[in-house]
Each structure stands twice: as structure tokens, then as C-alpha cells.
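Scroll down for the structure; my scribbles are underneath it.
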Amino acid sequence: MSRIKELFQNKKDILSIYYSAGYPNLNDTVPILEALEESGADIVEIGIPFSDPLADGPTIQKSGEKALENGMSLKVLFEQLANVRSKVKMPIVLMGYLNTVHKYGMEAFAKKCNEVGVDGVILPDLPFQEYLDVYKPTFDANGVSNIFLITPQTPEERIKLIDANTNGFIYMVSSASVTGAKKGLSDEQLAYFERVKSLGLQNPSLIGFGISDKESFETTCKYAEGAIIGSGFVKMLGEVSDLKKDINTYIKSIKA
């Protein structure tokens, strides 16, 4: 059984944390990962920095720019993750954009994910039909889950199609905006969460975009298996003084 499936079978109120590889310093990627697991995060989403991140708000964009300046690349990230499974047990997901992965080579990317112990990938600009027609066999052969995004504008038929072809979880984008765009959850967003919940999907889901504190985390957990926090955590990393201690304090503030 995959680490992702095992997690969702055995835990509720799952907290996923996003951060950019190589930020705030190039070699912080694995220490942050270790600190997150020790502090109680359940799954982590490591961003592959890209020069034109379509879905990212200003906080994550700036962290990606800094990571690129630090020398982060997909090759460097895989080198950093080479021995991570001797230390970290929780599921690891990589989030990036198609251009970066194509340059590395899609088959080589899937194989390397398998080799270092990456459980899933999120490629927001990978067309779903292209994934089914071209790339799904490659990722399946390497045991790597592709996680796809749905939004309030995604038709029910499309949601069900994604659900039928998913072997990880569904990423519910809370609003049609970039990450970190606003705080708080509107009645319209809650209605969207309820609508998706009522579909009775076979796969679990995590809600992301706009989740930033204990209150919004607990609210989303009423509608999905958990939530993803990105911009709030990345902002904290930019102000960190003691990496391990500050990460522990942050995670406890969400899950206390």
C-alpha cells in the first residue's frame, strides 16, 4: 500500500504543508522536511521553483525566486532527497510546472521520484487528458500518484472523471485565485465544499488556497479529509530565527 493511501486510511484532519525547495536557504529543504514530520505535519508538498508559477501568489512566488537565486533546480532537489527515506516516513509530494519536468524528461522524472521515495506529484498545467493518453502508464509503473486540482468552476462530470482516474487524493482549490490571495472562507466557498462532499467521491480530498490558521484548518476538515497550508508557512520561513523551533511552534498553532 502506498504511503498516501495508508495515511488517509489511518488518519483524520490531515495537515499538508507546502514550501519551496531551497528556501530560505539552498540546503534547508531536508531539515524543513524533518522538522515538519517531528512537529506533527502529516504530508508535505515540496515546490519545485519555476520562473513563471501560474497558480502561486506573491509570497510563494518570492520564495521560488529566492530559491532559484540560491541555486535550486530539479536536479539539485533530487540530490537533496537521495537519502531522505532513511529519516522521513510521511508522504512526500512534489509540486511543479510542466516546463521544468519536460526539460528533465518525464520518464526520467517519474523514475527518479520512485528512486528517492516521492509518493506523488502535482503539475497544475498538465492537461488531464494528456496525462491519461500519454503519461499515466509511466507514473503508474513507478508507483507515483498524480494529484489533480478541482475548483469551484469544475463541472461535476469533470470531478467524477478525475475521481475515477486518481490513485492519491483530490486537491480542492478553495477559490478561483492564486495561493494566499485572501484570508477567511466565504459562504460561497463553504457551499462549494459541501457540494463536492455530497458527490460521495471514492478518493479523499484536501482543501488548499486560503487556509492559514487553526480556525480555517478546522473548518475545512469538516468538509474534506484535511487541508493544505502554503503561503502562511512560507511567510513564517522568511522570518525564521530558529528553524526547528519555529516550525514546531507554527505546526502546534494549527494542530494544538
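FYI, nothing fancy with the C-alpha cells labels: chains A, B, ... in order, residues from 1 per chain, ligands from 1 as they appear.
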
Applying 8 Å and only C-alpha atoms, which residues near Pro24 in chain A remain after dropping the ones on its own chain fewer than 3 positions away? List them as a list in words.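 Close residues of Pro24 in chain A: Asp28, Ser63, Lys66, Ala67, Leu237 and Gly238 of chain A.
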
Save the residues we just selected, C-alpha atoms, as a compact mmCIF listing (two decimals), in the first residue's frame?
```
# COMPACT_ATOMS: atom_id res chain seq x y z
CA ASP A 28 17.12 23.90 4.08
CA SER A 63 10.19 32.18 -2.15
CA LYS A 66 14.88 33.28 -3.89
CA ALA A 67 15.28 29.51 -4.21
CA LEU A 237 10.01 30.62 6.93
CA GLY A 238 11.01 34.03 5.60
```

What lies within 9 Å of Ala110 in chain A using only C-alpha atoms, ignoring chain neighbours under 3 positions off, as a VMD selection string? chain A and resid 105 to 107 113 to 115 138 to 139 141 to 144

Expected file contents, prior selection, C-alpha atoms, as an mmCIF file, in the first residue's frame:
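Below is the file that was written, selection_36.cif:
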```cif
data_model
loop_
_atom_site.group_PDB
_atom_site.id
_atom_site.type_symbol
_atom_site.label_atom_id
_atom_site.label_comp_id
_atom_site.auth_asym_id
_atom_site.auth_seq_id
_atom_site.Cartn_x
_atom_site.Cartn_y
_atom_site.Cartn_z
ATOM 1 C CA GLY A 105 12.405 14.300 -19.068
ATOM 2 C CA MET A 106 9.023 12.953 -17.973
ATOM 3 C CA GLU A 107 10.120 9.318 -17.790
ATOM 4 C CA CYS A 113 10.618 10.137 -7.918
ATOM 5 C CA ASN A 114 10.346 6.387 -7.375
ATOM 6 C CA GLU A 115 14.056 6.103 -6.623
ATOM 7 C CA THR A 138 4.811 5.860 -16.862
ATOM 8 C CA PHE A 139 3.745 7.189 -13.485
ATOM 9 C CA ALA A 141 4.812 1.871 -13.465
ATOM 10 C CA ASN A 142 6.874 3.906 -10.995
ATOM 11 C CA GLY A 143 4.250 3.982 -8.244
ATOM 12 C CA VAL A 144 3.878 7.759 -8.360
#
```

Have a look at CA of Ser216 in chain A and CA of Phe193 in chain A and let me know their distance in Å, one decimal.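 So the answer is 12.8 Å.
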
Can you tell me, as a ChimeraX atom specification, what residues are no more than 12 Å from Ala191 in chain A when counting only C-alpha atoms, ignoring any on the same chain fewer than 5 positions away? /A:152,174-175,185-186,196-198,220,223

May I ask which of the residues A:Pro124, A:Gly232, A:Gly71, A:Gly64 is the closest one to Asn27 in chain A, counting only C-alpha atoms?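 Among the listed residues, the smallest separation from Asn27 in chain A belongs to A:Gly71.
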
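With only C-alpha atoms as the atoms that count, the residue of A:Ala21, A:Leu126, A:Ala82, A:Ala227 with the shortest distance to His102 in chain A is A:Leu126.
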
Any idea what's packed within 9 Å of Ile254 in chain A, counting only C-alpha atoms, ignoring anything in its chain fewer than 6 positions away? Could you give it as a VMD selection string? chain A and resid 15 212 to 215 217 to 218

Expected file: the selected residues, C-alpha atoms, as a PDB file, in the first residue's frame:
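What follows is the written file out-v7.pdb:
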```pdb
ATOM      1  CA  LEU A  15      -2.397  18.670   7.679  1.00  0.00           C
ATOM      2  CA  SER A 212      -3.753  29.846   7.008  1.00  0.00           C
ATOM      3  CA  ASP A 213      -4.628  29.239  10.659  1.00  0.00           C
ATOM      4  CA  LYS A 214      -6.249  26.883  13.175  1.00  0.00           C
ATOM      5  CA  GLU A 215      -9.760  28.216  12.507  1.00  0.00           C
ATOM      6  CA  PHE A 217      -7.956  24.422   9.070  1.00  0.00           C
ATOM      7  CA  GLU A 218     -10.636  23.101  11.418  1.00  0.00           C
TER       8      GLU A 218
END
```

Per-residue DSSP, range 20-128 of chain A, filtered to alpha helix (DSSP H), as a PyMOL selection string: chain A and resi 29-39+58-70+74-80+98-104+106-116+128

Using N, CA and C atoms, can you export the residues from the last selection as a short mmCIF file (atom, residue, chain, number, x, y, z; two decimals), in the first residue's frame?
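Produced file again.cif, reproduced below:
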```
data_model
loop_
_atom_site.label_atom_id
_atom_site.label_comp_id
_atom_site.auth_asym_id
_atom_site.auth_seq_id
_atom_site.Cartn_x
_atom_site.Cartn_y
_atom_site.Cartn_z
N THR A 29 16.02 22.38 2.51
CA THR A 29 14.92 21.53 2.05
C THR A 29 14.67 20.34 2.98
N VAL A 30 15.69 19.55 3.24
CA VAL A 30 15.52 18.35 4.06
C VAL A 30 15.37 18.68 5.55
N PRO A 31 16.14 19.62 6.12
CA PRO A 31 15.90 19.99 7.51
C PRO A 31 14.47 20.46 7.77
N ILE A 32 13.87 21.20 6.83
CA ILE A 32 12.47 21.61 6.98
C ILE A 32 11.57 20.39 6.96
N LEU A 33 11.83 19.48 6.05
CA LEU A 33 11.05 18.25 5.95
C LEU A 33 11.10 17.46 7.25
N GLU A 34 12.27 17.30 7.80
CA GLU A 34 12.43 16.56 9.05
C GLU A 34 11.72 17.27 10.20
N ALA A 35 11.85 18.59 10.26
CA ALA A 35 11.21 19.35 11.33
C ALA A 35 9.69 19.28 11.23
N LEU A 36 9.18 19.29 10.01
CA LEU A 36 7.73 19.18 9.83
C LEU A 36 7.20 17.85 10.34
N GLU A 37 7.88 16.77 10.01
CA GLU A 37 7.43 15.46 10.50
C GLU A 37 7.50 15.39 12.02
N GLU A 38 8.59 15.85 12.58
CA GLU A 38 8.75 15.83 14.04
C GLU A 38 7.68 16.67 14.74
N SER A 39 7.22 17.73 14.08
CA SER A 39 6.27 18.66 14.68
C SER A 39 4.81 18.23 14.52
N PRO A 58 1.98 36.03 -4.43
CA PRO A 58 3.26 36.74 -4.27
C PRO A 58 4.19 36.13 -3.23
N THR A 59 3.67 35.61 -2.13
CA THR A 59 4.54 35.05 -1.09
C THR A 59 5.30 33.84 -1.61
N ILE A 60 4.60 32.93 -2.26
CA ILE A 60 5.25 31.72 -2.78
C ILE A 60 6.11 32.06 -4.00
N GLN A 61 5.66 33.01 -4.82
CA GLN A 61 6.48 33.43 -5.95
C GLN A 61 7.84 33.94 -5.48
N LYS A 62 7.83 34.77 -4.45
CA LYS A 62 9.08 35.33 -3.94
C LYS A 62 9.98 34.25 -3.37
N SER A 63 9.38 33.27 -2.71
CA SER A 63 10.19 32.18 -2.15
C SER A 63 10.81 31.37 -3.28
N GLY A 64 10.05 31.16 -4.37
CA GLY A 64 10.59 30.45 -5.52
C GLY A 64 11.71 31.21 -6.20
N GLU A 65 11.54 32.53 -6.32
CA GLU A 65 12.59 33.37 -6.91
C GLU A 65 13.88 33.30 -6.09
N LYS A 66 13.72 33.36 -4.77
CA LYS A 66 14.88 33.28 -3.89
C LYS A 66 15.55 31.91 -4.00
N ALA A 67 14.74 30.86 -4.08
CA ALA A 67 15.28 29.51 -4.21
C ALA A 67 16.09 29.36 -5.50
N LEU A 68 15.56 29.93 -6.59
CA LEU A 68 16.30 29.87 -7.86
C LEU A 68 17.62 30.64 -7.75
N GLU A 69 17.57 31.79 -7.09
CA GLU A 69 18.80 32.56 -6.87
C GLU A 69 19.80 31.76 -6.03
N ASN A 70 19.26 30.96 -5.11
CA ASN A 70 20.12 30.13 -4.24
C ASN A 70 20.78 28.98 -5.00
N LEU A 74 15.66 21.13 -10.28
CA LEU A 74 15.09 19.80 -10.08
C LEU A 74 16.20 18.78 -9.81
N LYS A 75 17.31 18.93 -10.52
CA LYS A 75 18.46 18.03 -10.29
C LYS A 75 18.98 18.14 -8.87
N VAL A 76 19.13 19.38 -8.40
CA VAL A 76 19.61 19.59 -7.03
C VAL A 76 18.61 19.04 -6.02
N LEU A 77 17.33 19.23 -6.26
CA LEU A 77 16.30 18.74 -5.34
C LEU A 77 16.39 17.22 -5.22
N PHE A 78 16.50 16.52 -6.33
CA PHE A 78 16.61 15.06 -6.26
C PHE A 78 17.87 14.64 -5.52
N GLU A 79 18.95 15.37 -5.69
CA GLU A 79 20.18 15.08 -4.94
C GLU A 79 19.96 15.26 -3.44
N GLN A 80 19.21 16.30 -3.07
CA GLN A 80 18.94 16.53 -1.65
C GLN A 80 18.05 15.44 -1.06
N LEU A 98 4.99 21.99 -15.78
CA LEU A 98 5.31 21.05 -16.84
C LEU A 98 6.62 21.37 -17.54
N ASN A 99 6.91 22.65 -17.74
CA ASN A 99 8.11 23.05 -18.44
C ASN A 99 9.36 22.49 -17.76
N THR A 100 9.41 22.61 -16.45
CA THR A 100 10.56 22.11 -15.69
C THR A 100 10.71 20.61 -15.83
N VAL A 101 9.59 19.90 -15.73
CA VAL A 101 9.62 18.44 -15.80
C VAL A 101 9.97 17.96 -17.21
N HIS A 102 9.43 18.63 -18.23
CA HIS A 102 9.75 18.27 -19.61
C HIS A 102 11.25 18.42 -19.88
N LYS A 103 11.85 19.47 -19.35
CA LYS A 103 13.29 19.68 -19.55
C LYS A 103 14.09 18.55 -18.91
N TYR A 104 13.61 18.07 -17.77
CA TYR A 104 14.29 16.97 -17.09
C TYR A 104 14.04 15.65 -17.80
N MET A 106 10.14 13.46 -18.76
CA MET A 106 9.02 12.95 -17.97
C MET A 106 9.30 11.55 -17.42
N GLU A 107 9.84 10.68 -18.26
CA GLU A 107 10.12 9.32 -17.79
C GLU A 107 11.23 9.32 -16.75
N ALA A 108 12.26 10.10 -16.99
CA ALA A 108 13.36 10.21 -16.02
C ALA A 108 12.86 10.80 -14.70
N PHE A 109 11.93 11.76 -14.79
CA PHE A 109 11.34 12.38 -13.60
C PHE A 109 10.57 11.35 -12.78
N ALA A 110 9.72 10.57 -13.45
CA ALA A 110 8.92 9.56 -12.74
C ALA A 110 9.83 8.51 -12.09
N LYS A 111 10.85 8.09 -12.80
CA LYS A 111 11.78 7.09 -12.26
C LYS A 111 12.54 7.63 -11.07
N LYS A 112 12.95 8.90 -11.15
CA LYS A 112 13.71 9.50 -10.05
C LYS A 112 12.82 9.68 -8.82
N CYS A 113 11.56 10.04 -9.04
CA CYS A 113 10.62 10.14 -7.92
C CYS A 113 10.53 8.80 -7.20
N ASN A 114 10.41 7.73 -7.95
CA ASN A 114 10.35 6.39 -7.37
C ASN A 114 11.63 6.07 -6.62
N GLU A 115 12.75 6.43 -7.21
CA GLU A 115 14.06 6.10 -6.62
C GLU A 115 14.27 6.77 -5.27
N VAL A 116 13.89 8.04 -5.15
CA VAL A 116 14.16 8.76 -3.90
C VAL A 116 13.01 8.67 -2.91
N PHE A 128 -5.32 17.12 -18.21
CA PHE A 128 -5.74 15.83 -17.67
C PHE A 128 -5.81 14.77 -18.76
#
```

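Taking CA of Leu190 in chain A and CA of Ile229 in chain A as the two end points, the separation is 17.3 Å.
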
Using CA of Ile207 in chain A and CA of Met172 in chain A as the two end points, give the distance in Å to one decimal. 4.6 Å

Tell me which protein, DNA and RNA residues are within 7 Å of range 169-171 of chain A, counting only C-alpha atoms, leaving out same-chain ones fewer than 6 positions away, and put them as number ranges by chain. A: 147-150, 203-208

Quick one: pick out all strand (DSSP E) residues within range 8-255 of chain A from a backbone DSSP run and write them as an MDAnalysis selection string. chainID A and resid 14:20 43:47 92:95 120:122 145:146 149:150 170:173 205:208 226:229

Nearest-residue call for Pro155 in chain A, choices A:Leu199, A:Ile48, A:Ile43, A:Ile17, using only C-alpha atoms: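 Smallest separation from Pro155 in chain A among the options: A:Leu199.
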
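Residue nearest Pro91 in chain A, chosen from A:Val240, A:Met1, A:Met72, A:Val118 and counting only C-alpha atoms: A:Val118.
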
Nearest to Ile211 in chain A by atom-to-atom distance, counting only C-alpha atoms, from A:Gln189, A:Thr166, A:Ser86, A:Gln9: A:Gln189

Top pick for closest residue to Ala41 in chain A, considering A:Lys89, A:Glu194, A:Gly57, A:Asp242 and counting only C-alpha atoms: A:Lys89

Distance query Leu7 in chain A at most 9 Å, only C-alpha atoms, self and fewer than 5 positions along chain excluded, as a PyMOL selection string: chain A and resi 2+12+14+42-43+90-91

So which residues touch Val93 in chain A within 6 Å, counting only C-alpha atoms, skipping near sequence neighbours fewer than 3 positions away, as an NGL selection string? :A and (45 or 119-121)
